[in-house]
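All remarks here apply to the structure that follows.
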Amino acid sequence: MKRVLIDSYGQPEEVARCADVADVGTPGPDEVVFDVVLFPINPADVWFCKGSYRLKPPLPATPGAECIGRVTAVGSGVSHVEAGDLVINLQRENWAQKRRVKGDDVIRVPAGLDLKQAAMLRINPPTALLMLSDIITLQAGDWVAQNVANSAVGRLVIPLAKARGLKTVNIVRREALFADLTALGADACVVDGPDLADRVKVATGGAPVRLGLDAVSGAATARLATCIADGGAVCNYGAMSGEDPVIGRSELIYRGLMVSGFMLGRFMARRTLPQIRDIYADLGRQLLDGRLSAPVEKIYAIDDIKAALKHAQQAARSGKILVAPNGMP
Ligand SMILES: NC(=O)c1ccc[n+]([C@@H]2O[C@H](COP(=O)([O-])OP(=O)(O)OC[C@H]3O[C@@H](n4cnc5c(N)ncnc54)[C@H](OP(=O)(O)O)[C@@H]3O)[C@@H](O)[C@H]2O)c1
């Protein structure tokens, strides 16, 4: 079977290769075996290949924080899924044709769910959901500002916020995205820049913005902070700039902003397995009925992992890059 391996940490398309490896074998009593149908290339996978992600296992290593798989065999002690079910996997190393994992690590997705959306269910939808619920208490009518609003997470934040009666001001790098984001439910859109606070003020009619979601870091964090009302919060959850977040001390000392960080695993760890399954069941339903979705730009074969990785790092994509390890589904 085929599996992506990185032999050293470095530029992803240079260090990743598609290798022939031994089959995963048959499941033990508490295990499940599935064929990987599709996996996305997320920014965290790119950081993983570069060696700048929080996890840096001994090499060779296989990336892949998420996927959608079709169960082919289950162990005698596993009863919540059966052969033929579509599942997401809560564990990593998913850039392969097949996986053998603990039964408790797979969660069945609703039948009929679009496979591309299912492949992107594990990480970005709950990230968008929990950042809106777990950082500060927000009431209907409150404004939330977010940068990388064109990212998969950003595009999920918009409808999830709207469903709660929250308003979003969406910060992007180019005006051409405004129409698309407005169609998703964005209340306001602005282009990032040195005068961001003024632009946000105009776009929101001067309404206080209570929460800022930041996945750019560096000076972008400081710009976002200037848009947040006194006593509000900035939540840093990514670093597309590759830098650490910067924030002016006056935002903290004089204006009392709270700064926090979000990592999905930390916030999921506060929940029980039944609660986690409920979150995915709810998000799966919302993807199934089209309330939530994330666009896809291209699907590659696993043999073309280098080209897929190169493509995933391009700016101004219209959606995610996915890989279909067992052929186009
Ligand atoms: N902490 C967590 O638990 C967690 C979970 C999920 C995701 N994340 C983070 O969330 C962020 C978005 O992930 P995703 O999968 O939704 O991303 P994605 O769909 O791959 O989109 C990447 C986005 O980043 C923007 N971007 C790239 N480089 C940039 C730069 N230097 N300055 C400003 N914007 C830049 C792109 O803007 P253009 O469209 O203009 O190119 C695009 O909107 C990432 O930082 C990721 O690591 C964190």
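Chain lettering (A, B, ...) mirrors the order of the structure tokens, residue numbering begins at 1 for each chain separately, and ligand numbering begins at 1 in order of display.
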Neighbour list for Val157 of chain A as a VMD selection string, cut-off 8 Å, only C-alpha atoms, skip fewer than 3 positions in-chain
chain A and resid 128 to 129 132 153 to 154 160 to 161
Just-selected residues, C-alpha atoms written as a short mmCIF file (atom, residue, chain, number, x, y, z; two decimals), in the first residue's frame:
```cif
data_model
loop_
_atom_site.label_atom_id
_atom_site.label_comp_id
_atom_site.auth_asym_id
_atom_site.auth_seq_id
_atom_site.Cartn_x
_atom_site.Cartn_y
_atom_site.Cartn_z
CA ALA A 128 -14.86 27.67 14.11
CA LEU A 129 -17.66 26.48 16.42
CA LEU A 132 -17.31 31.28 19.13
CA VAL A 153 -12.12 28.26 9.11
CA GLY A 154 -13.13 31.84 8.26
CA LEU A 160 -21.95 29.58 12.53
CA ALA A 161 -21.87 33.11 13.96
#
```
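Listed by chain and then residue number, the contacts of ligand 1 are Asn42, Pro43, Ala44, Ile123, Asn124, Thr127, Val148, Asn150, Ser151, Ala152, Val153, Arg173, Ala215, Val216, Tyr237, Gly238, Ala239, Met240, Ser241, Phe262, Met263, Leu264, Ala315, Ala316, Arg317 and Lys320 of chain A (distance at most 6 Å, using only C-alpha atoms and all ligand atoms).
If you count only C-alpha atoms and ignore residues fewer than 5 places along the chain from segment 177-187 of chain A, what sits within 7 Å of it is Ile158, Pro159, Lys162, Lys167, Thr168, Val169 and Asn170 of chain A.
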Write out the residues from the selection above, keeping N, CA and C atoms, as a JSON list (two decimals), in the first residue's frame.
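Now in again_14.json:
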```
[["chain", "number", "residue", "atom", "x", "y", "z"],
["A", 158, "ILE", "N", -18.40, 32.36, 9.60],
["A", 158, "ILE", "CA", -19.46, 33.29, 9.19],
["A", 158, "ILE", "C", -20.87, 32.71, 9.40],
["A", 159, "PRO", "N", -21.20, 31.54, 8.83],
["A", 159, "PRO", "CA", -22.55, 31.01, 9.05],
["A", 159, "PRO", "C", -22.81, 30.54, 10.48],
["A", 162, "LYS", "N", -23.62, 33.61, 12.38],
["A", 162, "LYS", "CA", -24.94, 34.11, 11.98],
["A", 162, "LYS", "C", -26.05, 33.29, 12.64],
["A", 167, "LYS", "N", -22.77, 39.03, 14.69],
["A", 167, "LYS", "CA", -22.43, 39.72, 13.45],
["A", 167, "LYS", "C", -20.93, 39.61, 13.22],
["A", 168, "THR", "N", -20.53, 39.45, 11.96],
["A", 168, "THR", "CA", -19.11, 39.30, 11.68],
["A", 168, "THR", "C", -18.59, 40.40, 10.77],
["A", 169, "VAL", "N", -17.40, 40.89, 11.12],
["A", 169, "VAL", "CA", -16.66, 41.77, 10.22],
["A", 169, "VAL", "C", -15.43, 40.98, 9.79],
["A", 170, "ASN", "N", -15.31, 40.84, 8.49],
["A", 170, "ASN", "CA", -14.39, 39.86, 7.90],
["A", 170, "ASN", "C", -13.23, 40.55, 7.19]]
```
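Closest approach to Asp45 of chain A among A:Asp244, A:Val33, A:Val71, A:Ala312: A:Ala312, based on only C-alpha atoms.
For segment 141-208 of chain A, backbone-based DSSP labels the following residues as alpha helix (DSSP H): Ala152, Val153, Gly154, Arg155, Leu156, Val157, Ile158, Pro159, Leu160, Ala161, Lys162, Ala163, Phe178, Ala179, Asp180, Leu181, Thr182, Ala183, Leu184, Leu196, Ala197, Asp198, Arg199, Val200, Lys201, Val202, Ala203 and Thr204 of chain A.
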A straight line from atom CA of Leu287 of chain A to atom CA of Leu113 of chain A spans 7.1 Å
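Among the candidate residues A:Lys56, A:Arg174, A:Lys2, A:Arg122, the one lying nearest to Gly265 of chain A is A:Arg122, with distances computed using only C-alpha atoms.
All residues of protein, DNA or RNA that reach within 8 Å of Asn94 of chain A, judged by only C-alpha atoms and not counting those fewer than 4 positions away in the chain, are A:Val36, A:Phe39, A:Thr62, A:Pro63, A:Gly64, A:Ala65, A:Glu66, A:Cys67, A:Arg99.
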Find the residues near Gln11 of chain A: any atom within 10 Å, counting only C-alpha atoms, skip ones fewer than 5 places away on the same chain, and give them as a list in words.
Ala16, Val46, Trp47, Cys49, Lys50, Gly51, Leu309 and Lys310 of chain A
Using only C-alpha atoms, please write the residues we just selected to a file, as a PDB file, in the first residue's frame.
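Below is the file result-v8.pdb, written as the result:
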```
ATOM      1  CA  ALA A  16       7.523  14.419   1.159  1.00  0.00           C
ATOM      2  CA  VAL A  46       2.543  22.151   5.871  1.00  0.00           C
ATOM      3  CA  TRP A  47       4.067  23.295   9.204  1.00  0.00           C
ATOM      4  CA  CYS A  49       6.491  18.880   7.055  1.00  0.00           C
ATOM      5  CA  LYS A  50       8.605  21.971   7.698  1.00  0.00           C
ATOM      6  CA  GLY A  51       9.316  20.839  11.258  1.00  0.00           C
ATOM      7  CA  LEU A 309       1.792  20.239  -1.465  1.00  0.00           C
ATOM      8  CA  LYS A 310       3.160  22.929  -3.755  1.00  0.00           C
TER       9      LYS A 310
END
```
Please compute the atom CA of Gly218 of chain A-atom CA of Glu243 of chain A distance, one decimal, in Å.
4.9 Å
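The space separating atom CA of Leu322 of chain A from atom CA of Ala119 of chain A comes to 8.3 Å.
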Write out as a VMD selection string all residues of segment 51-160 of chain A that DSSP puts in strand (DSSP E or B) for this structure's backbone.
chain A and resid 61 68 to 74 86 to 89 96 98 to 102 106 to 108 143 to 146
Near-Asp142 of chain A list (7 Å; only C-alpha atoms; drop same-chain fewer than 5 positions) as a PyMOL selection string
chain A and resi 166-167+209-210
Selected residues written out with N, CA and C atoms, as a CSV table (one decimal), in the first residue's frame:
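The new file out-v7.csv reads:
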```csv
chain,number,residue,atom,x,y,z
A,166,LEU,N,-24.9,36.4,15.9
A,166,LEU,CA,-23.7,37.3,16.0
A,166,LEU,C,-23.5,37.9,14.7
A,167,LYS,N,-22.8,39.0,14.7
A,167,LYS,CA,-22.4,39.7,13.4
A,167,LYS,C,-20.9,39.6,13.2
A,209,VAL,N,-16.8,45.8,18.9
A,209,VAL,CA,-16.5,44.4,18.4
A,209,VAL,C,-15.9,43.7,19.7
A,210,ARG,N,-16.6,42.6,20.1
A,210,ARG,CA,-16.2,42.0,21.4
A,210,ARG,C,-15.1,41.0,21.3
```
For segment 69-105 of chain A versus segment 295-308 of chain A, which residues have an atom no more than 10 Å away, and what is each residue's nearest atom pair and distance in Å rounded to one decimal, using only C-alpha atoms, chain-then-number order, as a tab-separated table?
```
residue	atom	partner	partner_atom	distance
A:Trp95	CA	A:Ile302	CA	8.2
A:Ala96	CA	A:Ile302	CA	8.0
A:Gln97	CA	A:Ile302	CA	8.3
```
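Around segment 107-112 of chain A, within 7 Å and counting only C-alpha atoms, the residues found are Val81, Asp85, Leu86, Val87, Ile88, Asn89, Arg277, Gly284 and Arg285 of chain A, once anything fewer than 6 positions away on its own chain is removed.
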